[in-house]
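File shown: coords-v2.cif. Contents: mmCIF, C-alpha atoms and all ligand atoms.
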```
data_entry
loop_
_atom_site.group_PDB
_atom_site.id
_atom_site.type_symbol
_atom_site.label_atom_id
_atom_site.label_comp_id
_atom_site.auth_asym_id
_atom_site.auth_seq_id
_atom_site.Cartn_x
_atom_site.Cartn_y
_atom_site.Cartn_z
ATOM 1 C CA MET A 1417 -23.895 13.818 6.343
ATOM 2 C CA ASN A 1418 -20.389 15.173 6.692
ATOM 3 C CA LEU A 1419 -19.867 16.207 3.125
ATOM 4 C CA ARG A 1420 -19.880 19.490 1.309
ATOM 5 C CA THR A 1421 -21.512 19.525 -2.087
ATOM 6 C CA GLY A 1422 -19.452 20.889 -4.952
ATOM 7 C CA ASP A 1423 -20.604 22.814 -8.033
ATOM 8 C CA ASP A 1424 -20.852 19.611 -10.003
ATOM 9 C CA GLY A 1425 -23.499 18.381 -7.586
ATOM 10 C CA LEU A 1426 -21.210 15.685 -6.247
ATOM 11 C CA ALA A 1427 -20.029 15.782 -2.696
ATOM 12 C CA ALA A 1428 -16.612 17.278 -2.144
ATOM 13 C CA GLU A 1429 -14.170 15.451 0.035
ATOM 14 C CA SER A 1430 -13.865 16.486 3.677
ATOM 15 C CA GLY A 1431 -11.799 13.455 4.660
ATOM 16 C CA PRO A 1432 -10.458 10.348 2.985
ATOM 17 C CA LEU A 1433 -13.856 9.136 1.847
ATOM 18 C CA LEU A 1434 -14.217 6.311 -0.598
ATOM 19 C CA VAL A 1435 -17.936 5.600 -0.777
ATOM 20 C CA GLN A 1436 -20.859 7.930 -0.249
ATOM 21 C CA LEU A 1437 -24.465 6.784 -0.143
ATOM 22 C CA ASP A 1438 -27.119 9.449 -0.564
ATOM 23 C CA ALA A 1439 -30.714 8.681 0.374
ATOM 24 C CA LEU A 1440 -30.434 5.204 -1.071
ATOM 25 C CA SER A 1441 -33.727 3.315 -1.317
ATOM 26 C CA LYS A 1442 -34.784 0.058 -2.897
ATOM 27 C CA SER A 1443 -38.324 -1.179 -3.384
ATOM 28 C CA TYR A 1444 -39.789 -4.220 -5.071
ATOM 29 C CA SER A 1445 -43.317 -4.643 -6.179
ATOM 30 C CA GLU A 1446 -44.751 -7.933 -5.074
ATOM 31 C CA ALA A 1447 -48.330 -9.094 -5.654
ATOM 32 C CA GLY A 1448 -49.217 -5.561 -6.727
ATOM 33 C CA GLN A 1449 -47.800 -4.082 -3.515
ATOM 34 C CA GLU A 1450 -44.763 -1.885 -3.151
ATOM 35 C CA LYS A 1451 -42.296 -3.402 -0.685
ATOM 36 C CA CYS A 1452 -39.527 -1.111 0.557
ATOM 37 C CA VAL A 1453 -36.461 -3.183 1.534
ATOM 38 C CA LEU A 1454 -34.015 -0.303 1.920
ATOM 39 C CA GLU A 1455 -35.118 3.119 3.066
ATOM 40 C CA ALA A 1456 -33.188 6.357 2.565
ATOM 41 C CA VAL A 1457 -29.775 5.085 3.622
ATOM 42 C CA ASP A 1458 -27.329 7.968 4.060
ATOM 43 C CA CYS A 1459 -23.746 7.250 4.999
ATOM 44 C CA SER A 1460 -20.143 7.400 3.890
ATOM 45 C CA PHE A 1461 -17.217 5.035 4.247
ATOM 46 C CA GLN A 1462 -13.582 6.022 4.586
ATOM 47 C CA VAL A 1463 -10.527 4.755 2.783
ATOM 48 C CA GLY A 1464 -8.735 1.840 4.439
ATOM 49 C CA GLN A 1465 -11.444 0.972 6.933
ATOM 50 C CA PHE A 1466 -12.932 -2.383 7.808
ATOM 51 C CA ILE A 1467 -16.637 -1.627 7.890
ATOM 52 C CA CYS A 1468 -19.338 -3.988 9.087
ATOM 53 C CA LEU A 1469 -22.946 -3.890 7.988
ATOM 54 C CA LEU A 1470 -24.659 -5.644 10.849
ATOM 55 C CA GLY A 1471 -28.256 -6.808 10.791
ATOM 56 C CA LYS A 1472 -30.612 -9.738 11.084
ATOM 57 C CA SER A 1473 -31.628 -11.881 8.136
ATOM 58 C CA GLY A 1474 -33.781 -9.834 5.758
ATOM 59 C CA SER A 1475 -32.593 -6.468 7.117
ATOM 60 C CA GLY A 1476 -31.182 -5.474 3.709
ATOM 61 C CA LYS A 1477 -27.439 -6.164 3.995
ATOM 62 C CA SER A 1478 -27.059 -7.975 0.665
ATOM 63 C CA THR A 1479 -29.341 -5.466 -1.018
ATOM 64 C CA LEU A 1480 -27.105 -2.637 0.168
ATOM 65 C CA LEU A 1481 -23.903 -4.406 -0.955
ATOM 66 C CA ASN A 1482 -25.445 -5.073 -4.372
ATOM 67 C CA LEU A 1483 -26.241 -1.373 -4.714
ATOM 68 C CA ILE A 1484 -22.713 -0.342 -3.668
ATOM 69 C CA SER A 1485 -21.216 -2.722 -6.239
ATOM 70 C CA GLY A 1486 -23.587 -1.536 -8.947
ATOM 71 C CA ILE A 1487 -24.862 -5.089 -9.514
ATOM 72 C CA ASP A 1488 -28.288 -3.708 -8.690
ATOM 73 C CA ARG A 1489 -29.805 -0.238 -9.104
ATOM 74 C CA PRO A 1490 -31.612 1.685 -6.379
ATOM 75 C CA SER A 1491 -35.188 2.885 -6.707
ATOM 76 C CA GLU A 1492 -33.927 6.251 -5.469
ATOM 77 C CA GLY A 1493 -30.697 7.805 -4.276
ATOM 78 C CA ARG A 1494 -27.066 7.767 -5.324
ATOM 79 C CA VAL A 1495 -23.880 5.765 -4.856
ATOM 80 C CA ILE A 1496 -20.701 7.791 -5.329
ATOM 81 C CA ILE A 1497 -17.264 6.202 -5.313
ATOM 82 C CA ARG A 1498 -13.903 7.952 -5.384
ATOM 83 C CA GLU A 1499 -11.169 6.349 -7.418
ATOM 84 C CA ASN A 1500 -7.955 7.838 -8.741
ATOM 85 C CA GLY A 1501 -8.912 11.285 -7.462
ATOM 86 C CA ARG A 1502 -12.193 11.210 -9.419
ATOM 87 C CA GLN A 1503 -15.696 10.917 -8.056
ATOM 88 C CA VAL A 1504 -17.829 8.504 -9.985
ATOM 89 C CA GLU A 1505 -21.573 8.515 -9.543
ATOM 90 C CA LEU A 1506 -22.075 4.807 -10.037
ATOM 91 C CA THR A 1507 -25.853 5.112 -10.035
ATOM 92 C CA ALA A 1508 -25.718 7.499 -13.001
ATOM 93 C CA LEU A 1509 -23.881 4.979 -15.195
ATOM 94 C CA ARG A 1510 -25.469 2.564 -17.641
ATOM 95 C CA GLU A 1511 -25.253 -1.141 -16.873
ATOM 96 C CA ARG A 1512 -22.273 -1.754 -19.179
ATOM 97 C CA GLN A 1513 -20.311 1.127 -17.636
ATOM 98 C CA ARG A 1514 -21.181 -0.064 -14.143
ATOM 99 C CA THR A 1515 -19.918 -3.530 -15.024
ATOM 100 C CA LEU A 1516 -16.641 -2.104 -16.348
ATOM 101 C CA PHE A 1517 -16.251 0.094 -13.277
ATOM 102 C CA ARG A 1518 -16.854 -2.901 -11.013
ATOM 103 C CA ARG A 1519 -14.349 -5.066 -12.886
ATOM 104 C CA ARG A 1520 -11.656 -2.445 -12.428
ATOM 105 C CA ASN A 1521 -12.355 -1.177 -8.946
ATOM 106 C CA ILE A 1522 -14.343 -3.605 -6.824
ATOM 107 C CA GLY A 1523 -13.653 -7.100 -5.507
ATOM 108 C CA ILE A 1524 -16.545 -9.191 -4.196
ATOM 109 C CA ILE A 1525 -16.534 -12.209 -1.869
ATOM 110 C CA PHE A 1526 -19.764 -14.165 -1.425
ATOM 111 C CA GLN A 1527 -21.025 -16.555 1.236
ATOM 112 C CA PHE A 1528 -21.146 -19.467 -1.210
ATOM 113 C CA PHE A 1529 -17.814 -18.673 -2.894
ATOM 114 C CA ASN A 1530 -19.323 -18.483 -6.435
ATOM 115 C CA LEU A 1531 -16.338 -20.075 -8.147
ATOM 116 C CA ILE A 1532 -16.733 -21.285 -11.718
ATOM 117 C CA PRO A 1533 -16.705 -25.104 -11.540
ATOM 118 C CA THR A 1534 -15.289 -25.674 -15.041
ATOM 119 C CA LEU A 1535 -12.243 -23.449 -14.443
ATOM 120 C CA THR A 1536 -9.192 -24.444 -12.403
ATOM 121 C CA VAL A 1537 -8.255 -22.593 -9.237
ATOM 122 C CA LEU A 1538 -5.691 -20.521 -11.147
ATOM 123 C CA GLU A 1539 -8.135 -19.739 -13.984
ATOM 124 C CA ASN A 1540 -10.822 -18.705 -11.498
ATOM 125 C CA VAL A 1541 -8.482 -16.234 -9.826
ATOM 126 C CA ALA A 1542 -7.113 -14.865 -13.113
ATOM 127 C CA LEU A 1543 -10.594 -14.359 -14.596
ATOM 128 C CA PRO A 1544 -11.229 -10.807 -13.290
ATOM 129 C CA VAL A 1545 -8.028 -9.469 -14.833
ATOM 130 C CA GLU A 1546 -8.812 -11.220 -18.093
ATOM 131 C CA LEU A 1547 -12.287 -9.703 -18.130
ATOM 132 C CA ALA A 1548 -10.844 -6.278 -17.330
ATOM 133 C CA GLY A 1549 -8.470 -6.636 -20.295
ATOM 134 C CA THR A 1550 -5.306 -6.632 -18.184
ATOM 135 C CA ASP A 1551 -4.611 -10.353 -18.537
ATOM 136 C CA ARG A 1552 -0.916 -9.765 -19.292
ATOM 137 C CA ILE A 1553 -0.343 -9.671 -15.544
ATOM 138 C CA GLY A 1554 -3.164 -12.101 -14.795
ATOM 139 C CA HIS A 1555 -1.719 -15.526 -14.239
ATOM 140 C CA GLY A 1556 1.470 -14.336 -12.527
ATOM 141 C CA ARG A 1557 -0.402 -12.236 -9.988
ATOM 142 C CA ALA A 1558 -3.088 -14.920 -9.569
ATOM 143 C CA ALA A 1559 -0.434 -17.531 -8.760
ATOM 144 C CA GLU A 1560 1.277 -15.143 -6.351
ATOM 145 C CA LEU A 1561 -1.990 -14.461 -4.494
ATOM 146 C CA LEU A 1562 -2.826 -18.160 -4.359
ATOM 147 C CA GLU A 1563 0.553 -18.703 -2.756
ATOM 148 C CA ARG A 1564 -0.297 -16.024 -0.186
ATOM 149 C CA VAL A 1565 -3.618 -17.648 0.706
ATOM 150 C CA GLY A 1566 -1.840 -20.994 1.150
ATOM 151 C CA LEU A 1567 -2.958 -22.674 -2.075
ATOM 152 C CA GLY A 1568 0.189 -22.455 -4.136
ATOM 153 C CA ASN A 1569 0.092 -26.217 -4.598
ATOM 154 C CA ARG A 1570 -3.529 -26.346 -5.854
ATOM 155 C CA LEU A 1571 -3.373 -24.119 -8.942
ATOM 156 C CA ASP A 1572 -4.576 -26.841 -11.317
ATOM 157 C CA SER A 1573 -7.272 -28.279 -9.048
ATOM 158 C CA PHE A 1574 -10.945 -27.728 -9.790
ATOM 159 C CA PRO A 1575 -13.092 -26.031 -7.127
ATOM 160 C CA ASP A 1576 -15.095 -29.179 -6.283
ATOM 161 C CA ARG A 1577 -11.876 -30.835 -5.074
ATOM 162 C CA LEU A 1578 -11.390 -28.160 -2.404
ATOM 163 C CA SER A 1579 -12.892 -27.801 1.067
ATOM 164 C CA GLY A 1580 -15.214 -24.868 1.814
ATOM 165 C CA GLY A 1581 -12.433 -22.953 3.536
ATOM 166 C CA GLU A 1582 -10.088 -23.550 0.608
ATOM 167 C CA GLN A 1583 -12.740 -22.426 -1.872
ATOM 168 C CA GLN A 1584 -13.190 -19.216 0.107
ATOM 169 C CA ARG A 1585 -9.405 -18.673 -0.003
ATOM 170 C CA VAL A 1586 -9.616 -18.912 -3.783
ATOM 171 C CA ALA A 1587 -12.497 -16.423 -3.742
ATOM 172 C CA ILE A 1588 -10.419 -14.007 -1.627
ATOM 173 C CA ALA A 1589 -7.519 -14.255 -4.079
ATOM 174 C CA ARG A 1590 -9.950 -13.669 -6.957
ATOM 175 C CA ALA A 1591 -11.404 -10.597 -5.237
ATOM 176 C CA LEU A 1592 -7.916 -9.078 -4.843
ATOM 177 C CA VAL A 1593 -6.301 -10.011 -8.151
ATOM 178 C CA HIS A 1594 -7.159 -6.772 -9.987
ATOM 179 C CA ASP A 1595 -6.040 -4.668 -7.020
ATOM 180 C CA PRO A 1596 -9.484 -3.107 -6.370
ATOM 181 C CA VAL A 1597 -9.915 0.004 -4.221
ATOM 182 C CA LEU A 1598 -12.945 -1.520 -2.570
ATOM 183 C CA LEU A 1599 -13.650 -5.025 -1.271
ATOM 184 C CA LEU A 1600 -17.206 -6.140 -0.559
ATOM 185 C CA ALA A 1601 -17.842 -9.338 1.384
ATOM 186 C CA ASP A 1602 -21.299 -10.796 1.914
ATOM 187 C CA GLU A 1603 -21.194 -13.082 4.972
ATOM 188 C CA PRO A 1604 -17.905 -14.611 3.788
ATOM 189 C CA THR A 1605 -17.686 -16.933 6.795
ATOM 190 C CA GLY A 1606 -21.413 -17.731 6.928
ATOM 191 C CA ASN A 1607 -20.998 -21.154 5.335
ATOM 192 C CA LEU A 1608 -17.908 -22.263 7.238
ATOM 193 C CA ASP A 1609 -17.385 -23.908 10.619
ATOM 194 C CA GLU A 1610 -16.243 -21.613 13.419
ATOM 195 C CA GLY A 1611 -12.515 -22.388 13.262
ATOM 196 C CA THR A 1612 -12.316 -22.180 9.469
ATOM 197 C CA GLY A 1613 -14.413 -18.999 9.541
ATOM 198 C CA GLU A 1614 -11.966 -17.409 11.955
ATOM 199 C CA ASP A 1615 -9.007 -18.369 9.753
ATOM 200 C CA ILE A 1616 -10.731 -16.936 6.683
ATOM 201 C CA LEU A 1617 -11.649 -13.725 8.474
ATOM 202 C CA ASN A 1618 -8.081 -13.261 9.702
ATOM 203 C CA LEU A 1619 -6.707 -13.913 6.232
ATOM 204 C CA LEU A 1620 -9.129 -11.467 4.661
ATOM 205 C CA LEU A 1621 -8.314 -8.769 7.229
ATOM 206 C CA GLU A 1622 -4.579 -9.334 6.872
ATOM 207 C CA LEU A 1623 -4.687 -9.091 3.082
ATOM 208 C CA SER A 1624 -7.067 -6.129 2.930
ATOM 209 C CA ARG A 1625 -5.483 -4.125 5.774
ATOM 210 C CA GLY A 1626 -1.988 -4.970 4.555
ATOM 211 C CA ALA A 1627 -2.830 -3.467 1.185
ATOM 212 C CA GLY A 1628 -4.746 -0.475 2.603
ATOM 213 C CA LYS A 1629 -8.031 -1.686 1.107
ATOM 214 C CA THR A 1630 -11.448 -0.643 2.246
ATOM 215 C CA LEU A 1631 -13.473 -3.698 3.224
ATOM 216 C CA ILE A 1632 -17.247 -3.565 3.652
ATOM 217 C CA MET A 1633 -18.592 -6.776 5.143
ATOM 218 C CA ALA A 1634 -22.185 -7.837 5.708
ATOM 219 C CA THR A 1635 -22.642 -10.050 8.742
ATOM 220 C CA HIS A 1636 -25.079 -10.895 11.501
ATOM 221 C CA ASP A 1637 -22.168 -11.900 13.730
ATOM 222 C CA GLN A 1638 -21.558 -9.491 16.629
ATOM 223 C CA ASP A 1639 -18.094 -10.966 17.219
ATOM 224 C CA ILE A 1640 -17.005 -10.051 13.683
ATOM 225 C CA ALA A 1641 -18.508 -6.589 14.100
ATOM 226 C CA GLY A 1642 -16.390 -6.228 17.243
ATOM 227 C CA LEU A 1643 -13.273 -6.290 15.065
ATOM 228 C CA ALA A 1644 -14.461 -3.595 12.661
ATOM 229 C CA ASP A 1645 -13.305 0.031 12.522
ATOM 230 C CA ALA A 1646 -16.896 1.123 11.965
ATOM 231 C CA VAL A 1647 -20.224 -0.661 12.399
ATOM 232 C CA TYR A 1648 -23.492 0.238 10.693
ATOM 233 C CA VAL A 1649 -26.639 -1.480 11.882
ATOM 234 C CA LEU A 1650 -29.553 -2.206 9.566
ATOM 235 C CA GLU A 1651 -33.032 -3.003 10.787
ATOM 236 C CA ARG A 1652 -35.801 -3.734 8.303
ATOM 237 C CA GLY A 1653 -34.071 -1.709 5.617
ATOM 238 C CA LYS A 1654 -33.250 1.288 7.778
ATOM 239 C CA LEU A 1655 -29.886 2.351 9.074
ATOM 240 C CA VAL A 1656 -30.620 2.525 12.785
ATOM 241 C CA SER A 1657 -27.105 3.069 14.023
ATOM 242 C CA GLN A 1658 -23.843 4.309 12.600
ATOM 243 C CA PRO A 1659 -20.547 5.584 13.986
ATOM 244 C CA THR A 1660 -20.315 9.248 14.877
ATOM 245 C CA GLY A 1661 -17.481 11.725 14.413
ATOM 246 C CA LEU A 1662 -16.532 10.809 10.851
ATOM 247 C CA SER A 1663 -16.347 14.495 9.925
ATOM 248 C CA ASN A 1664 -13.029 14.893 11.715
ATOM 249 C CA GLY A 1665 -11.610 11.946 9.879
ATOM 250 C CA THR A 1666 -10.887 9.988 13.025
ATOM 251 C CA GLY A 1667 -13.053 7.004 12.163
ATOM 252 C CA GLY A 1668 -12.645 4.070 14.453
ATOM 253 C CA ASN A 1669 -15.928 4.778 16.183
ATOM 254 C CA ARG A 1670 -18.199 1.885 16.819
ATOM 255 C CA ALA A 1671 -21.915 2.056 16.411
ATOM 256 C CA ASP A 1672 -24.025 1.433 19.444
ATOM 257 C CA THR A 1673 -24.942 -2.084 18.428
ATOM 258 C CA ALA A 1674 -27.785 -2.407 20.877
ATOM 259 C CA ALA A 1675 -30.042 -2.529 17.842
ATOM 260 C CA GLY A 1676 -28.323 -5.693 16.611
ATOM 261 C CA GLU A 1677 -29.068 -9.227 17.679
HETATM 262 N N1 LIG A 1701 -35.894 -9.590 -5.932
HETATM 263 C C1 LIG A 1701 -36.564 -9.377 -4.813
HETATM 264 N N2 LIG A 1701 -37.926 -9.243 -4.818
HETATM 265 C C2 LIG A 1701 -38.611 -9.007 -3.679
HETATM 266 N N3 LIG A 1701 -38.036 -8.893 -2.466
HETATM 267 C C3 LIG A 1701 -36.699 -9.018 -2.395
HETATM 268 C C4 LIG A 1701 -35.894 -9.269 -3.555
HETATM 269 N N4 LIG A 1701 -34.603 -9.337 -3.161
HETATM 270 C C5 LIG A 1701 -34.600 -9.154 -1.818
HETATM 271 N N5 LIG A 1701 -35.860 -8.964 -1.363
HETATM 272 C C6 LIG A 1701 -36.252 -8.719 0.026
HETATM 273 O O1 LIG A 1701 -35.458 -7.698 0.564
HETATM 274 C C7 LIG A 1701 -35.277 -7.886 1.958
HETATM 275 C C8 LIG A 1701 -33.804 -7.737 2.278
HETATM 276 O O2 LIG A 1701 -33.109 -8.840 1.695
HETATM 277 P P1 LIG A 1701 -31.536 -9.011 1.802
HETATM 278 O O3 LIG A 1701 -31.194 -10.213 1.013
HETATM 279 O O4 LIG A 1701 -30.885 -7.735 1.463
HETATM 280 O O5 LIG A 1701 -31.372 -9.290 3.364
HETATM 281 P P2 LIG A 1701 -30.073 -9.707 4.175
HETATM 282 O O6 LIG A 1701 -29.950 -8.745 5.312
HETATM 283 O O7 LIG A 1701 -28.936 -9.847 3.252
HETATM 284 O O8 LIG A 1701 -30.496 -11.141 4.760
HETATM 285 P P3 LIG A 1701 -29.586 -12.464 5.001
HETATM 286 O O9 LIG A 1701 -28.835 -12.227 6.298
HETATM 287 O O10 LIG A 1701 -30.608 -13.555 5.163
HETATM 288 O O11 LIG A 1701 -28.700 -12.667 3.825
HETATM 289 C C9 LIG A 1701 -35.856 -9.253 2.266
HETATM 290 O O12 LIG A 1701 -37.138 -9.067 2.881
HETATM 291 C C10 LIG A 1701 -35.997 -9.900 0.932
HETATM 292 O O13 LIG A 1701 -37.095 -10.783 0.906
HETATM 293 MG MG MG A 1702 -27.740 -11.439 2.641
#
```
So, in terms of structure tokens, how does the structure I just supplied come out?
Amino acid sequence: MNLRTGDDGLAAESGPLLVQLDALSKSYSEAGQEKCVLEAVDCSFQVGQFICLLGKSGSGKSTLLNLISGIDRPSEGRVIIRENGRQVELTALRERQRTLFRRRNIGIIFQFFNLIPTLTVLENVALPVELAGTDRIGHGRAAELLERVGLGNRLDSFPDRLSGGEQQRVAIARALVHDPVLLLADEPTGNLDEGTGEDILNLLLELSRGAGKTLIMATHDQDIAGLADAVYVLERGKLVSQPTGLSNGTGGNRADTAAGE
């Protein structure tokens, strides 16, 4: 781990780091047996990078994203996120505080879009800013983002009237509307045909890179991983490969993905 530890016990910055994972583990007990699905994951992600979490089905990708977002809590270990020059130990916060932190700082895109069917496209996108209490800017920015994802003419449509690709465009706009420091995407093209998936990926990269966002994407697709600045490979809950040389802040190193599919 390329981090110094400060007096406060949190890691001090030695580069433009955004997320630090310290010995992160997750276990479930099933039929009286302890099942470890994530084992002592140690890594850190830099500001502005497109990071891929690569691994087969069941390797722990979604579990790891849910821990980074604070939706779920680890059995052991810490998640630390830098925002506004502060370091927040997400894993030390109570659920309510984690939810508030997520609403302000993290945007999430899911494989199955997760739009609210009873809200219009515009209302879906504006929802995060309304929940975060900054709804004054909500609808204007939501409409602007919908324009940017090519849906400026569908603001009043309901999600079930849209194609899968269009629904994912709405989800991308929703993930960006509160200007989060961190974007998490869980197989965002996994439910789309190849051409639409490519369009969505390009749109997501354009919008996140253009705004200097850090994007962490779970995928089992080697081709997508080939576009990433950094690739981390998970196998049965263990990080088996990660880029080297992050201590000098260069980034851009690819993992040896031989461990992938
Ligand atoms: N609530 C739970 N109780 C028990 N086991 C769970 C639970 N949630 C996840 N798991 C297990 O954790 C492991 C990792 O699951 P996870 O969903 O993180 O995998 P994944 O890499 O995202 O897979 P996929 O590519 O299919 O989405 C799996 O073996 C899964 O069965
Ligand atoms: Mg998953």
Distance filter 10 Å around ligand MG 1702 (chain A), atoms: only C-alpha atoms and all ligand atoms, out as a short mmCIF file (atom, residue, chain, number, x, y, z; two decimals) with C-alpha atoms, in the frame of the given file:
```
data_model
loop_
_atom_site.label_atom_id
_atom_site.label_comp_id
_atom_site.auth_asym_id
_atom_site.auth_seq_id
_atom_site.Cartn_x
_atom_site.Cartn_y
_atom_site.Cartn_z
CA GLY A 1471 -28.26 -6.81 10.79
CA LYS A 1472 -30.61 -9.74 11.08
CA SER A 1473 -31.63 -11.88 8.14
CA GLY A 1474 -33.78 -9.83 5.76
CA SER A 1475 -32.59 -6.47 7.12
CA GLY A 1476 -31.18 -5.47 3.71
CA LYS A 1477 -27.44 -6.16 4.00
CA SER A 1478 -27.06 -7.98 0.66
CA THR A 1479 -29.34 -5.47 -1.02
CA LEU A 1480 -27.10 -2.64 0.17
CA LEU A 1481 -23.90 -4.41 -0.96
CA ASN A 1482 -25.44 -5.07 -4.37
CA PHE A 1526 -19.76 -14.16 -1.42
CA GLN A 1527 -21.02 -16.56 1.24
CA ASP A 1602 -21.30 -10.80 1.91
CA GLU A 1603 -21.19 -13.08 4.97
CA GLY A 1606 -21.41 -17.73 6.93
CA ALA A 1634 -22.18 -7.84 5.71
CA THR A 1635 -22.64 -10.05 8.74
CA HIS A 1636 -25.08 -10.90 11.50
#
```
Task: Near-range 1433-1440 of chain A list (6 Å; only C-alpha atoms; drop same-chain fewer than 2 positions) as a ChimeraX atom specification - done: /A:1431,1456-1463,1492-1498
Quick one: which residues end up in the PyMOL selection byres (((chain A and resi 1540) around 12) and not hetatm) for this structure, as a PDB file with C-alpha atoms, in the coordinates of the input?
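Final output, out26.pdb:
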```
ATOM      1  CA  PHE A1529     -17.814 -18.673  -2.894  1.00  0.00           C
ATOM      2  CA  ASN A1530     -19.323 -18.483  -6.435  1.00  0.00           C
ATOM      3  CA  LEU A1531     -16.338 -20.075  -8.147  1.00  0.00           C
ATOM      4  CA  ILE A1532     -16.733 -21.285 -11.718  1.00  0.00           C
ATOM      5  CA  PRO A1533     -16.705 -25.104 -11.540  1.00  0.00           C
ATOM      6  CA  THR A1534     -15.289 -25.674 -15.041  1.00  0.00           C
ATOM      7  CA  LEU A1535     -12.243 -23.449 -14.443  1.00  0.00           C
ATOM      8  CA  THR A1536      -9.192 -24.444 -12.403  1.00  0.00           C
ATOM      9  CA  VAL A1537      -8.255 -22.593  -9.237  1.00  0.00           C
ATOM     10  CA  LEU A1538      -5.691 -20.521 -11.147  1.00  0.00           C
ATOM     11  CA  GLU A1539      -8.135 -19.739 -13.984  1.00  0.00           C
ATOM     12  CA  VAL A1541      -8.482 -16.234  -9.826  1.00  0.00           C
ATOM     13  CA  ALA A1542      -7.113 -14.865 -13.113  1.00  0.00           C
ATOM     14  CA  LEU A1543     -10.594 -14.359 -14.596  1.00  0.00           C
ATOM     15  CA  PRO A1544     -11.229 -10.807 -13.290  1.00  0.00           C
ATOM     16  CA  VAL A1545      -8.028  -9.469 -14.833  1.00  0.00           C
ATOM     17  CA  GLU A1546      -8.812 -11.220 -18.093  1.00  0.00           C
ATOM     18  CA  LEU A1547     -12.287  -9.703 -18.130  1.00  0.00           C
ATOM     19  CA  GLY A1554      -3.164 -12.101 -14.795  1.00  0.00           C
ATOM     20  CA  HIS A1555      -1.719 -15.526 -14.239  1.00  0.00           C
ATOM     21  CA  ALA A1558      -3.088 -14.920  -9.569  1.00  0.00           C
ATOM     22  CA  ALA A1559      -0.434 -17.531  -8.760  1.00  0.00           C
ATOM     23  CA  LEU A1562      -2.826 -18.160  -4.359  1.00  0.00           C
ATOM     24  CA  ARG A1570      -3.529 -26.346  -5.854  1.00  0.00           C
ATOM     25  CA  LEU A1571      -3.373 -24.119  -8.942  1.00  0.00           C
ATOM     26  CA  ASP A1572      -4.576 -26.841 -11.317  1.00  0.00           C
ATOM     27  CA  SER A1573      -7.272 -28.279  -9.048  1.00  0.00           C
ATOM     28  CA  PHE A1574     -10.945 -27.728  -9.790  1.00  0.00           C
ATOM     29  CA  PRO A1575     -13.092 -26.031  -7.127  1.00  0.00           C
ATOM     30  CA  GLN A1583     -12.740 -22.426  -1.872  1.00  0.00           C
ATOM     31  CA  GLN A1584     -13.190 -19.216   0.107  1.00  0.00           C
ATOM     32  CA  ARG A1585      -9.405 -18.673  -0.003  1.00  0.00           C
ATOM     33  CA  VAL A1586      -9.616 -18.912  -3.783  1.00  0.00           C
ATOM     34  CA  ALA A1587     -12.497 -16.423  -3.742  1.00  0.00           C
ATOM     35  CA  ILE A1588     -10.419 -14.007  -1.627  1.00  0.00           C
ATOM     36  CA  ALA A1589      -7.519 -14.255  -4.079  1.00  0.00           C
ATOM     37  CA  ARG A1590      -9.950 -13.669  -6.957  1.00  0.00           C
ATOM     38  CA  ALA A1591     -11.404 -10.597  -5.237  1.00  0.00           C
ATOM     39  CA  VAL A1593      -6.301 -10.011  -8.151  1.00  0.00           C
TER      40      VAL A1593
END
```
Task: One-decimal distance in Å that lies between CA of Ile1640 in chain A and CA of Leu1578 in chain A - done: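 Computing it gives 24.9 Å between the two atoms.
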Task: Selected residue, from A:Leu1650, A:Ile1524, A:Val1597, A:Leu1643, that lies nearest to ligand LIG 1701 (chain A) when counting only C-alpha atoms and all ligand atoms - done: A:Leu1650
- [ ] Could you expand the PyMOL selection byres (((chain A and resi 1631) around 7) and not hetatm) into the explicit residues it covers here, written as a ChimeraX atom specification?
- [x] /A:1465-1467,1598-1600,1624,1629-1630,1632-1633
TODO: Please measure the separation of atom O11 of ligand LIG 1701 (chain A) and CA of Ile1616 in chain A, giving the value in Å to one decimal.
DONE: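 Computed distance, atom O11 of ligand LIG 1701 (chain A) to CA of Ile1616 in chain A, equals 18.7 Å.
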Task: A:Leu1561, A:Asp1637, A:Gly1523, A:Arg1502 ranked by distance to ligand LIG 1701 (chain A), top pick (using all atoms listed in the file) - done: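 Among the listed residues, A:Asp1637 lies closest to ligand LIG 1701 (chain A).
CA of Asn1607 in chain A is positioned 24.0 Å from CA of Val1453 in chain A.
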- [ ] Specify as an MDAnalysis selection string each residue included when the PyMOL selection byres (((chain A and resi 1518) around 10) and not hetatm) is applied to this file.
- [x] chainID A and resid 1484:1487 1506 1512:1517 1519:1524 1544 1548 1596 1598
Open item on the list: Calculated over all atoms listed in the file, which of the candidates A:Pro1604, A:Glu1614, A:Val1647, A:Arg1577 has the smallest distance to ligand LIG 1701 (chain A)?
Closed with: A:Pro1604
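Between ligand LIG 1701 (chain A) and the candidates A:Ser1445, A:Leu1509, A:Asn1618, A:Ala1601, the tightest atom-to-atom separation, counting only C-alpha atoms and all ligand atoms, involves A:Ser1445.
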- [ ] May I ask which of the residues A:Asp1645, A:Glu1505, A:Glu1622, A:Asp1488 is the closest one to ligand LIG 1701 (chain A), counting only C-alpha atoms and all ligand atoms?
- [x] A:Asp1488
Need the axis-aligned box for ligand LIG 1701 (chain A) with 8 Å each side, so what are the centre and edges in Å to one decimal, as JSON?
```
{"center_x": -33.7, "center_y": -10.6, "center_z": 0.2, "size_x": 25.9, "size_y": 21.9, "size_z": 28.2}
```
